[in-house]
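In what follows, a structure is listed as C-alpha cells, so that the remarks can point back to it.
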Amino acid sequence: MRRQGLYNRQHAKQAGAVKGMIGRLLIAVVVVICTISFLVLWTSNGGGPSGFRSELNLDKLWRGADSGGWRPSSAPRSNWPSPPRETNGYLRVRCNGGLNQQRTAVCNFLLFSRIMNATLVLPELDANSFWHDDSGFRGIYDVEHFIMSLRYDVKIVEKIPEIRKNGKTKKIKAVQLRPPRDAPISWYTTDALAKMKEHGAIYLTPFSHRLAEEIDNPEYQRLRCRVNYHALRFKTNIIKLSQSIVDKLRSQGHFMSIHLRFEMDMLAFAGCFDIFNPKEQEILKKYRKENFAPKKLVYEERRAIGKCPLTPEEVGLILRAMGFNNSTKIYLAAGELFGGERFMKPFRALFPHLENHSSVDPADELAENTQGLLGSAVDYMVCLLSDIFMPTYDGPSNFANNLLGHRLYYGFRTTIRPDRKALAPIFIDLEKGRTTGFEEAVRQAVLNTNLGGPHERIPPDSFYTNSWPECFCQTSPKNPAHKCPPYNVLEILNSQLGEATDDLESVPQSNSTIYVAER
C-alpha cells in the first residue's frame, strides 16, 4: 500500500503557499542529502555496476552471525567480594511500564542494591496500570532461581522481616523516595543511602530508567548482564509453552520472528498520521495530545529522515528484496495493528505463512492472557529462540531493544535492523513510480548494517541493546581486559561466600546455568 498525501496540501493564502513551498524545498533538500549519503556509502563499499555487493547469503543468515572469536561472559573478572552478613538496610522497588521496561528496571536496582550494600526485597511489578494483569514477579519469573543465581552478588528476601525490640514485634516501614530519571550512582550512594540508614528501609517508586546506563565500571555492567541473561528466567510453564511454539514452527525448517511495531501508541508517538483516513488521524492526534508532550511534527519531514515506523507492506518489500520468498515462515510479535486488515493484506500477499502465539498454540492459558504479561513473555521467548529476528521500529521499544541485546549474548543470533533513514529515500522514490534499482538499493542498505555480530555500541543504542564488549570475552585476546575468566569461577565465588566447595554438587541443575556461558 502506498503512503498517500505527501504533497497534496494546498494553501488558500499567499503566505501559506510560501510556507508550503519552503517546507517542500526543505524536504527535497533532506531527501537529496540522504540519497547522496547513500550513494557515497554505496560506492565506498564496492557499489556501482562493476562491484555491487547486492547478494545476501540467506543460508548464512539462517545460521547466525560471525562471533569473531568472542563469547558471552558475565562472570566477575576482578575481585568481587560476596555480600557481607550485615547490610545497610532493606530496599523495595516498584517497577512500572511493560514487561521489558520492568526487566530493565530489575537489572538496574540489583546493581545499585549491590553498590549500596542493601538487602533486596523481591521486586513489585506495576502490572495493573499497563497490562491489567496482576501476575506479579512470582507469577512470571522463577523466584527460587532468581535468588540462587544472585547469591554471590546481593542478599534477597521475599519481604521485609519484622524485628524484636524491647520484647515487642515491630515492622520496619520503608520510607518512599522518587529517584531522578537516569540518576548517577552518586545519588544512590548519598541521598538514598542516607535515608536507608536513617529509616532501615526505603521504597523507590515509580522505578523506570532511574539509573544511568553508561557506567564506567565493567564489573557493574557485568552484574546487569548476570541479572538480565541468567537470573531473570521465566517460570517453567512459560518456557514450556514457548518451546512448544518454537518446535512447531521449526518442524518444517527455519523461521524468523518480526516485532511489527504498528500500534496506535507508537504511531502517535512518531507523529506519522498522513497515511491514515481522517477518522483514524483524529484518533491518533487525540492519543498523542493525551499521552505525549506537545511538539510540532510535520509528516513529510519525519518521513524523509526515517522517523516513521515501517508499514507492514514495506517490511514485506524489504524481505523480498533480500531474497526471502513466500514460503518463509514468519512469527509475528505484535499488539493490535492500527488501521486493521488493509495494512496487513499486502504483507500477507507477499508472505502468507504468518503466525502468532495464538495461531500456533491456542492453549487456554495463553488465549486468556494474550495481551497480558504471559503473552508478552511468550513472544519474547519465541523471538529470542527464532533463527532470525527483525524489529521494524527499535527506537523507544523496550521489547525490541532488550531482544537485540539478549540475542547478541545468546550466541550472536542473526538480527535484521532496517535502517529507516537509509531506506526512506528509496521508498519515497518507489512511491513516485521510480522502481528501477529498488531491490538492489534495499539490499545495499541492509548490507551496511550489523546483522547480529559483535559491534561497537553507538548512541542511541543502550547497554541493554548491546552489552559488547563488557559482557563478552576472548580466550586469546589482544587486550588483557577481554580475557575470559577462569573456568573454576563458581568455585572461587563459592569460597568467597564461605560455602563448602562440594556444595556445588547440591545446586539443582536449573541453577547450574548461572554462568553457563563461561563454562
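A note on labels: chains of the C-alpha cells are A, B, ... as shown, every chain counts residues from 1, and ligands are counted from 1 in their shown order.
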
Check the DSSP output for the backbone and give back, as a VMD selection string, the residues of region 200-259 of chain A in strand (DSSP E).
chain A and resid 201 to 207 256 to 259

I need the chosen residues saved as a compact mmCIF listing (two decimals), in the first residue's frame, with N, CA and C atoms.
# COMPACT_ATOMS: atom_id res chain seq x y z
N ALA A 201 14.88 1.11 55.85
CA ALA A 201 14.35 0.60 54.57
C ALA A 201 13.87 1.78 53.73
N ILE A 202 14.02 1.66 52.42
CA ILE A 202 13.48 2.67 51.50
C ILE A 202 12.67 1.97 50.42
N TYR A 203 11.72 2.72 49.87
CA TYR A 203 10.81 2.20 48.85
C TYR A 203 10.88 3.14 47.65
N LEU A 204 11.45 2.69 46.55
CA LEU A 204 11.61 3.51 45.36
C LEU A 204 10.46 3.25 44.40
N THR A 205 9.69 4.27 44.11
CA THR A 205 8.54 4.14 43.24
C THR A 205 8.16 5.50 42.69
N PRO A 206 7.76 5.59 41.42
CA PRO A 206 7.86 4.53 40.40
C PRO A 206 9.32 4.37 40.00
N PHE A 207 9.64 3.22 39.42
CA PHE A 207 11.05 2.97 39.08
C PHE A 207 11.15 2.49 37.64
N MET A 256 11.62 -17.05 11.01
CA MET A 256 12.05 -15.76 11.55
C MET A 256 10.92 -15.16 12.37
N SER A 257 11.30 -14.28 13.27
CA SER A 257 10.31 -13.55 14.06
C SER A 257 10.42 -12.06 13.74
N ILE A 258 9.29 -11.40 13.73
CA ILE A 258 9.25 -9.96 13.43
C ILE A 258 8.46 -9.26 14.51
N HIS A 259 9.07 -8.23 15.08
CA HIS A 259 8.33 -7.38 16.01
C HIS A 259 7.72 -6.25 15.19

Neighbour list for region 300-316 of chain A as an NGL selection string, cut-off 8 Å, only C-alpha atoms, skip fewer than 5 positions in-chain
:A and (1 or 6 or 27 or 30-31 or 34 or 260-262 or 266-267 or 270-272 or 343-344 or 346-347 or 350-351 or 392-393 or 419-425 or 428)

Hey, can you spit out that residue selection with N, CA, C and O atoms as a compact mmCIF listing (two decimals), in the first residue's frame?
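Saved the output as again_32.txt:
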# COMPACT_ATOMS: atom_id res chain seq x y z
N MET A 1 0.84 -1.19 0.00
CA MET A 1 0.00 0.00 0.00
C MET A 1 0.87 1.24 0.00
O MET A 1 1.75 1.38 0.85
N LEU A 6 1.47 13.00 0.54
CA LEU A 6 2.76 13.62 0.83
C LEU A 6 2.82 15.07 0.32
O LEU A 6 3.43 15.92 0.94
N ILE A 27 12.25 19.60 2.57
CA ILE A 27 12.11 18.13 2.45
C ILE A 27 12.93 17.61 1.29
O ILE A 27 13.62 16.59 1.39
N VAL A 30 16.49 17.48 2.24
CA VAL A 30 16.76 16.33 3.11
C VAL A 30 16.85 15.05 2.30
O VAL A 30 17.74 14.22 2.50
N VAL A 31 15.90 14.85 1.39
CA VAL A 31 15.89 13.64 0.57
C VAL A 31 17.14 13.56 -0.29
O VAL A 31 17.77 12.51 -0.42
N CYS A 34 20.09 12.64 1.93
CA CYS A 34 20.03 11.22 2.27
C CYS A 34 20.45 10.35 1.09
O CYS A 34 21.18 9.38 1.24
N LEU A 260 6.48 -6.42 14.80
CA LEU A 260 5.80 -5.49 13.90
C LEU A 260 5.20 -4.35 14.72
O LEU A 260 4.13 -4.49 15.30
N ARG A 261 5.92 -3.24 14.77
CA ARG A 261 5.53 -2.10 15.62
C ARG A 261 4.69 -1.14 14.80
O ARG A 261 5.19 -0.18 14.20
N PHE A 262 3.39 -1.39 14.77
CA PHE A 262 2.49 -0.54 14.01
C PHE A 262 1.21 -0.34 14.81
O PHE A 262 0.11 -0.35 14.29
N MET A 266 2.66 3.81 19.20
CA MET A 266 3.91 4.12 18.50
C MET A 266 3.68 5.08 17.35
O MET A 266 4.48 5.99 17.10
N LEU A 267 2.58 4.91 16.62
CA LEU A 267 2.29 5.82 15.52
C LEU A 267 1.99 7.22 16.02
O LEU A 267 2.40 8.21 15.42
N ALA A 270 5.32 8.76 17.04
CA ALA A 270 6.14 9.14 15.89
C ALA A 270 5.54 10.33 15.14
O ALA A 270 6.26 11.05 14.43
N GLY A 271 4.25 10.57 15.29
CA GLY A 271 3.60 11.68 14.60
C GLY A 271 3.40 11.42 13.12
O GLY A 271 3.41 12.35 12.31
N CYS A 272 3.21 10.16 12.75
CA CYS A 272 3.07 9.79 11.34
C CYS A 272 1.61 9.48 11.04
O CYS A 272 1.16 8.34 11.17
N PHE A 343 -3.85 -2.80 6.06
CA PHE A 343 -2.40 -2.66 6.10
C PHE A 343 -1.70 -4.02 6.09
O PHE A 343 -0.56 -4.12 5.66
N MET A 344 -2.38 -5.03 6.60
CA MET A 344 -1.78 -6.36 6.64
C MET A 344 -1.94 -7.12 5.33
O MET A 344 -1.14 -8.00 5.01
N PRO A 346 -1.41 -6.46 2.07
CA PRO A 346 -0.27 -6.53 1.14
C PRO A 346 0.88 -7.37 1.69
O PRO A 346 1.56 -8.07 0.93
N PHE A 347 1.11 -7.31 3.00
CA PHE A 347 2.17 -8.10 3.63
C PHE A 347 1.85 -9.60 3.54
O PHE A 347 2.70 -10.41 3.19
N LEU A 350 2.50 -11.14 0.21
CA LEU A 350 3.91 -11.43 -0.04
C LEU A 350 4.39 -12.63 0.77
O LEU A 350 5.18 -13.44 0.29
N PHE A 351 3.91 -12.72 2.02
CA PHE A 351 4.34 -13.79 2.93
C PHE A 351 3.11 -14.40 3.61
O PHE A 351 2.69 -13.94 4.68
N THR A 392 10.86 -3.82 13.52
CA THR A 392 10.56 -2.83 12.49
C THR A 392 10.66 -1.40 13.00
O THR A 392 10.68 -0.47 12.21
N TYR A 393 10.72 -1.24 14.32
CA TYR A 393 10.87 0.10 14.88
C TYR A 393 11.52 -0.06 16.25
O TYR A 393 10.86 -0.31 17.24
N ASP A 419 17.57 0.10 8.46
CA ASP A 419 18.00 1.48 8.65
C ASP A 419 16.96 2.37 7.99
O ASP A 419 17.00 2.62 6.78
N ARG A 420 16.02 2.85 8.77
CA ARG A 420 14.89 3.60 8.20
C ARG A 420 15.36 4.90 7.52
O ARG A 420 14.75 5.34 6.54
N LYS A 421 16.41 5.50 8.04
CA LYS A 421 16.92 6.74 7.43
C LYS A 421 17.47 6.47 6.03
O LYS A 421 17.25 7.25 5.10
N ALA A 422 18.20 5.35 5.89
CA ALA A 422 18.74 5.00 4.57
C ALA A 422 17.64 4.52 3.62
O ALA A 422 17.72 4.72 2.41
N LEU A 423 16.62 3.88 4.18
CA LEU A 423 15.54 3.34 3.35
C LEU A 423 14.52 4.39 2.91
O LEU A 423 13.82 4.21 1.91
N ALA A 424 14.41 5.49 3.67
CA ALA A 424 13.37 6.49 3.39
C ALA A 424 13.42 7.01 1.96
O ALA A 424 12.40 6.99 1.26
N PRO A 425 14.57 7.49 1.45
CA PRO A 425 14.57 7.99 0.06
C PRO A 425 14.29 6.89 -0.96
O PRO A 425 13.75 7.17 -2.03
N ILE A 428 10.52 6.52 -0.90
CA ILE A 428 9.89 7.72 -1.47
C ILE A 428 9.99 7.68 -2.99
O ILE A 428 9.04 8.02 -3.70

Got a sec to tell me which of region 380-494 of chain A DSSP assigns to helix (DSSP H, G or I), as a PyMOL selection string?
chain A and resi 380-385+398-409+420-431+438-447+480-482+489-494

When you count only C-alpha atoms, which of these residues is closest to Asp387 (chain A): A:Lys432, A:Phe412, A:Arg342, A:Phe109?
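That would be A:Phe412, the residue with the smallest distance to Asp387 (chain A).
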
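Taking only C-alpha atoms into account, Val360 (chain A) lies nearest to A:Leu249 out of the set A:Leu385, A:Leu249, A:Leu125, A:Ala334.
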
If I take CA of Glu263 (chain A) and CA of Thr449 (chain A), how far is one from the other in Å, to one decimal?
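So the answer is 25.2 Å.
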
Which neighbours of Pro278 (chain A) fall inside 12 Å, counting only C-alpha atoms, when residues of the same chain fewer than 5 positions from it are skipped, and could you give them as a list in words?
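Here the answer would be Gly5, Phe273, Ile283, Leu284, Lys285 and Gly339 of chain A.
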
Asp461 (chain A) environment, 12 Å, only C-alpha atoms, sequence neighbours closer than 5 positions dropped, as a ChimeraX atom specification:
/A:213-214,394-398,400-402,404-405,455-456,466-468

With distances taken over only C-alpha atoms, which of A:Cys473, A:Leu211, A:Ala441, A:Ala174 is nearest to Met196 (chain A)?
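Comparing A:Cys473, A:Leu211, A:Ala441, A:Ala174 against Met196 (chain A), the winner is A:Ala174.
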
Tell me which protein, DNA and RNA residues are within 12 Å of Phe472 (chain A), counting only C-alpha atoms, leaving out same-chain ones fewer than 5 positions away, and put them as number ranges by chain.
A: 67-77, 218-219, 221-222, 225-226, 405, 408-412, 453-455, 466-467, 477, 481-485, 517-518

Writing out the chosen residues with N, CA, C and O atoms as a short mmCIF file (atom, residue, chain, number, x, y, z; two decimals), in the first residue's frame:
data_model
loop_
_atom_site.label_atom_id
_atom_site.label_comp_id
_atom_site.auth_asym_id
_atom_site.auth_seq_id
_atom_site.Cartn_x
_atom_site.Cartn_y
_atom_site.Cartn_z
N SER A 67 30.99 -14.75 15.18
CA SER A 67 31.32 -14.30 16.54
C SER A 67 32.63 -13.56 16.61
O SER A 67 32.89 -12.85 17.60
N GLY A 68 33.50 -13.72 15.61
CA GLY A 68 34.79 -13.04 15.64
C GLY A 68 35.67 -13.50 16.79
O GLY A 68 36.57 -12.77 17.21
N GLY A 69 35.43 -14.71 17.30
CA GLY A 69 36.23 -15.21 18.41
C GLY A 69 35.74 -14.80 19.78
O GLY A 69 36.36 -15.12 20.80
N TRP A 70 34.61 -14.10 19.84
CA TRP A 70 34.05 -13.65 21.13
C TRP A 70 33.00 -14.65 21.61
O TRP A 70 32.35 -15.32 20.82
N ARG A 71 32.85 -14.72 22.93
CA ARG A 71 31.75 -15.50 23.51
C ARG A 71 31.20 -14.75 24.72
O ARG A 71 31.90 -13.96 25.35
N PRO A 72 29.92 -14.97 25.06
CA PRO A 72 29.33 -14.26 26.19
C PRO A 72 29.99 -14.64 27.50
O PRO A 72 30.32 -15.80 27.73
N SER A 73 30.19 -13.67 28.37
CA SER A 73 30.80 -13.92 29.67
C SER A 73 30.46 -12.78 30.61
O SER A 73 30.91 -11.65 30.42
N SER A 74 29.65 -13.07 31.61
CA SER A 74 29.28 -12.02 32.57
C SER A 74 29.79 -12.31 33.97
O SER A 74 29.43 -11.61 34.92
N ALA A 75 30.63 -13.32 34.14
CA ALA A 75 31.21 -13.61 35.46
C ALA A 75 32.23 -12.54 35.81
O ALA A 75 32.86 -11.94 34.93
N PRO A 76 32.43 -12.27 37.11
CA PRO A 76 33.43 -11.27 37.51
C PRO A 76 34.83 -11.66 37.05
O PRO A 76 35.18 -12.83 37.02
N ARG A 77 35.62 -10.65 36.70
CA ARG A 77 37.00 -10.89 36.26
C ARG A 77 38.01 -10.25 37.20
O ARG A 77 39.22 -10.31 36.96
N PRO A 218 33.25 -1.90 34.30
CA PRO A 218 32.83 -3.13 33.61
C PRO A 218 32.21 -4.16 34.54
O PRO A 218 31.29 -4.89 34.13
N GLU A 219 32.65 -4.25 35.81
CA GLU A 219 32.08 -5.24 36.72
C GLU A 219 30.63 -4.92 37.05
O GLU A 219 29.80 -5.82 37.18
N GLN A 221 28.61 -3.40 35.01
CA GLN A 221 27.85 -3.73 33.80
C GLN A 221 27.66 -5.24 33.66
O GLN A 221 26.61 -5.71 33.22
N ARG A 222 28.68 -6.00 34.07
CA ARG A 222 28.53 -7.46 34.00
C ARG A 222 27.48 -7.97 34.99
O ARG A 222 26.82 -8.98 34.72
N CYS A 225 24.27 -7.86 33.27
CA CYS A 225 24.12 -8.99 32.35
C CYS A 225 23.76 -10.27 33.10
O CYS A 225 22.97 -11.08 32.61
N ARG A 226 24.36 -10.48 34.27
CA ARG A 226 24.03 -11.69 35.05
C ARG A 226 22.56 -11.69 35.44
O ARG A 226 21.90 -12.73 35.42
N GLY A 405 19.83 -7.15 22.47
CA GLY A 405 20.92 -7.43 23.38
C GLY A 405 20.97 -8.89 23.80
O GLY A 405 22.05 -9.48 23.92
N LEU A 408 22.26 -11.12 20.99
CA LEU A 408 23.70 -10.95 20.86
C LEU A 408 24.41 -11.82 21.90
O LEU A 408 25.37 -12.53 21.59
N TYR A 409 23.92 -11.78 23.13
CA TYR A 409 24.52 -12.54 24.23
C TYR A 409 24.26 -14.04 24.09
O TYR A 409 25.05 -14.86 24.52
N TYR A 410 23.17 -14.38 23.44
CA TYR A 410 22.75 -15.78 23.34
C TYR A 410 23.47 -16.52 22.23
O TYR A 410 23.12 -17.64 21.90
N GLY A 411 24.47 -15.89 21.63
CA GLY A 411 25.25 -16.59 20.61
C GLY A 411 25.26 -15.90 19.27
O GLY A 411 25.33 -16.56 18.23
N PHE A 412 25.16 -14.56 19.28
CA PHE A 412 25.24 -13.77 18.05
C PHE A 412 24.24 -14.26 17.01
O PHE A 412 24.58 -14.57 15.86
N GLY A 453 26.40 -9.64 14.73
CA GLY A 453 27.72 -9.96 15.24
C GLY A 453 28.21 -8.92 16.23
O GLY A 453 27.53 -7.92 16.50
N PRO A 454 29.40 -9.11 16.82
CA PRO A 454 29.95 -8.12 17.76
C PRO A 454 30.14 -6.78 17.06
O PRO A 454 30.64 -6.71 15.94
N HIS A 455 29.73 -5.71 17.72
CA HIS A 455 29.87 -4.38 17.13
C HIS A 455 29.87 -3.32 18.22
O HIS A 455 29.38 -3.52 19.32
N ASN A 466 23.11 -3.58 23.46
CA ASN A 466 24.42 -4.09 23.06
C ASN A 466 25.37 -4.02 24.25
O ASN A 466 25.87 -2.96 24.58
N SER A 467 25.61 -5.15 24.89
CA SER A 467 26.49 -5.19 26.06
C SER A 467 27.92 -5.58 25.69
O SER A 467 28.70 -5.97 26.55
N PRO A 477 42.89 -13.00 23.76
CA PRO A 477 42.62 -11.62 23.37
C PRO A 477 43.89 -10.80 23.16
O PRO A 477 44.95 -11.11 23.71
N ALA A 481 42.09 -7.05 29.13
CA ALA A 481 40.80 -6.80 29.78
C ALA A 481 39.70 -7.68 29.21
O ALA A 481 38.66 -7.88 29.84
N HIS A 482 39.93 -8.22 28.01
CA HIS A 482 38.91 -9.05 27.36
C HIS A 482 39.15 -10.55 27.55
O HIS A 482 38.45 -11.36 26.95
N LYS A 483 40.12 -10.90 28.37
CA LYS A 483 40.43 -12.32 28.59
C LYS A 483 39.31 -12.98 29.39
O LYS A 483 38.80 -12.44 30.36
N CYS A 484 38.94 -14.19 28.97
CA CYS A 484 37.87 -14.91 29.65
C CYS A 484 38.29 -15.27 31.08
O CYS A 484 39.47 -15.56 31.34
N PRO A 485 37.34 -15.27 32.01
CA PRO A 485 37.65 -15.64 33.39
C PRO A 485 37.98 -17.12 33.49
O PRO A 485 37.70 -17.89 32.57
N ALA A 517 27.62 -19.45 30.24
CA ALA A 517 28.38 -19.01 29.08
C ALA A 517 29.87 -19.10 29.30
O ALA A 517 30.65 -19.12 28.35
N GLU A 518 30.31 -19.16 30.57
CA GLU A 518 31.73 -19.17 30.85
C GLU A 518 32.30 -20.58 30.88
O GLU A 518 33.49 -20.78 31.01
#

Distance in Å - CA of Ile115 (chain A) versus CA of Tyr188 (chain A)
8.2 Å

Who sits within 9 Å of region 193-195 of chain A, only C-alpha atoms, same chain under 4 positions skipped, as a PDB file with N, CA and C atoms, in the first residue's frame:
ATOM      1  N   ASN A  88      23.140  -2.406  54.952  1.00  0.00           N
ATOM      2  CA  ASN A  88      22.746  -1.071  55.413  1.00  0.00           C
ATOM      3  C   ASN A  88      21.242  -0.895  55.550  1.00  0.00           C
ATOM      4  N   GLY A  89      20.474  -1.891  55.145  1.00  0.00           N
ATOM      5  CA  GLY A  89      19.023  -1.786  55.254  1.00  0.00           C
ATOM      6  C   GLY A  89      18.338  -2.532  54.118  1.00  0.00           C
ATOM      7  N   MET A 116      24.927  -0.110  47.201  1.00  0.00           N
ATOM      8  CA  MET A 116      24.526   0.438  48.499  1.00  0.00           C
ATOM      9  C   MET A 116      24.665  -0.560  49.640  1.00  0.00           C
ATOM     10  N   ALA A 118      22.712  -3.168  50.226  1.00  0.00           N
ATOM     11  CA  ALA A 118      21.345  -3.273  50.741  1.00  0.00           C
ATOM     12  C   ALA A 118      20.836  -4.696  50.584  1.00  0.00           C
ATOM     13  N   VAL A 175      10.599   4.117  53.912  1.00  0.00           N
ATOM     14  CA  VAL A 175      10.278   5.489  53.519  1.00  0.00           C
ATOM     15  C   VAL A 175      10.319   5.578  51.989  1.00  0.00           C
ATOM     16  N   LEU A 177      10.777   7.054  48.286  1.00  0.00           N
ATOM     17  CA  LEU A 177      11.608   8.009  47.561  1.00  0.00           C
ATOM     18  C   LEU A 177      11.305   7.909  46.067  1.00  0.00           C
ATOM     19  N   TRP A 187      23.865   9.533  43.401  1.00  0.00           N
ATOM     20  CA  TRP A 187      22.600   9.816  44.089  1.00  0.00           C
ATOM     21  C   TRP A 187      22.237   8.661  45.020  1.00  0.00           C
ATOM     22  N   TYR A 188      22.508   7.443  44.586  1.00  0.00           N
ATOM     23  CA  TYR A 188      22.182   6.274  45.407  1.00  0.00           C
ATOM     24  C   TYR A 188      23.137   6.121  46.596  1.00  0.00           C
ATOM     25  N   THR A 189      24.394   6.512  46.408  1.00  0.00           N
ATOM     26  CA  THR A 189      25.368   6.369  47.499  1.00  0.00           C
ATOM     27  C   THR A 189      25.320   7.537  48.479  1.00  0.00           C
ATOM     28  N   HIS A 199      16.161   5.165  58.216  1.00  0.00           N
ATOM     29  CA  HIS A 199      14.868   4.517  58.434  1.00  0.00           C
ATOM     30  C   HIS A 199      14.947   2.987  58.419  1.00  0.00           C
ATOM     31  N   GLY A 200      16.039   2.424  57.959  1.00  0.00           N
ATOM     32  CA  GLY A 200      16.174   0.972  57.903  1.00  0.00           C
ATOM     33  C   GLY A 200      15.680   0.363  56.613  1.00  0.00           C
ATOM     34  N   ALA A 201      14.883   1.108  55.851  1.00  0.00           N
ATOM     35  CA  ALA A 201      14.350   0.603  54.575  1.00  0.00           C
ATOM     36  C   ALA A 201      13.868   1.775  53.727  1.00  0.00           C
ATOM     37  N   ILE A 202      14.019   1.662  52.417  1.00  0.00           N
ATOM     38  CA  ILE A 202      13.483   2.672  51.505  1.00  0.00           C
ATOM     39  C   ILE A 202      12.667   1.968  50.424  1.00  0.00           C
TER      40      ILE A 202
END
